[in-house]
Amino acid sequence: MKAKVSKAVIPVAGLGTRFLPVTKAVAKEMIPIIDKPMIHYIVEEAVASGIEDIVLVTSRHKNEIQRYFDYNAELEDRLVKSGKAELASELKTIAESCNIICVYQKDPAGLGHAVGCARPVIGDQPFAVLLGDDLIDAPVPCTRQLINVFEHRGTSVVGVMEVPATEVSKYGIVGGVPIDDRTLKIDRMVEKPKPEDAPSRFAIPGRYVVDPAIFRHISETRPGKGGEIQFTDALAALARNEGLLSYRFDGDRYDTGDRLGYLEATLVFGLRRPELRDGLVRLMRAHLPS
Ligand code: G1P
């Protein structure tokens with residue numbers, strides 16, 4: 001029986017170049033979808049999946065993320081005094097929903113390196129990794145689906161979705177032998193392949209549950225694509241040694257690291273909010289070219 005998965009790593013040290021110029025002064029993870037920063041949705045997914053401790057692998061330019069998950073006593077006091085106690089307690093809940101632990105990635109040496117920076121906090125336990133550019137809306141949180149597979153099969157697992165051949169070069173792509181209609185035993189992983197080199201069209205949109213052996217593989221991984229320590233390369237070593245599954249999760253994924261994907265997520269989440277829905281539909285109708 002494998003240990004319980006109660007910790008997650010969320011790398012947030014990236015420069016956010018796809019969202020310049022705003023990311024010149026604002027962490028990309030703090031860009032809001034309506035009124036909550038993107039990172040809040042990711043943390044919510046982790047907490048709803050049973051995660052208790054979240055390790056943010058961050059950089060010194062991104063202190064506002066830590067502040068967001070802390071108390072703001074002055075603001076809470078003011079809200080209570082002005083009769084907005086409910087809002088004050090909502091803000092408090094953000095700070096209390098889990099333990100946030102920050103470690104610094106001093107050198108932006110790649111995603112594998114970023115995950116490796118969490119090693120002193122995670123220790124010898126399995127853990128989840130969630131990437132902040134991917135928002136996954138699912139009946140059962142995507143990370144929970146992966147934890148269920150991990151607990152059931154006792155093997156590390158990455159979430160995958162099918163993408164068109166034209167998009168494989170944006171993702172880590174897996175290849176392997178089917179175990180059931182959602183699960184593969186991975187025997188190949190390629191980071192951002194050309195369509196002709198891709199082992200399949202199953203792409204990893206940034207959700208993983210891994211055995212702590214991954215840390216050893218990260219430390220042995222040499223710089224790969226783009227001269228960076230790629231997480232995908234360390235996962236390929238994990239697949240060869242301890243075994244790795246892919247699981248085609250149930251849910252809709254929004255690429256909020258991309259401008260159009262970000263707008264789509266804003267639209268979908270806006271339409272879901274009862275107080276915004278009618279107004280948003282009216283505005284869309286008014287602005288659509290006739
Ligand atoms: C990273 C990973 C890649 C994964 C992707 C998901 O790439 O290296 O394997 O498919 O995230 O968003 P990035 O988008 O950070 O370049």
# chains A, B, ... in the order shown; residues from 1 in each chain; ligands from 1
>>> residues_near_ligand(ligand="ligand 1", cutoff="10 Å", atoms="only C-alpha atoms and all ligand atoms", output="VMD selection string")
chain A and resid 11 14 16 110 to 112 130 to 135 159 to 160 168 to 174 189 to 192 202 to 207 225 to 226 228 to 233 235 255 to 258
>>> residues_around(residues="stretch 22-37 of chain A", least_positions_apart="4", cutoff="10 Å", atoms="only C-alpha atoms", output="PyMOL selection string")
chain A and resi 12-18+41-42+61-65+68+132-133+256-257+262-270+273
>>> closest_residue(among="A:Ala237, A:Ile10, A:Ile51, A:Leu271", to="A:Val115", atoms="only C-alpha atoms")
A:Ile10
>>> closest_residue(among="A:Leu20, A:Cys142, A:Val55, A:Val43", to="A:Asp252", atoms="only C-alpha atoms")
A:Cys142
>>> closest_residue(among="A:Arg259, A:Lys92, A:Arg78, A:Arg201", to="A:Gly176", atoms="only C-alpha atoms")
A:Arg201
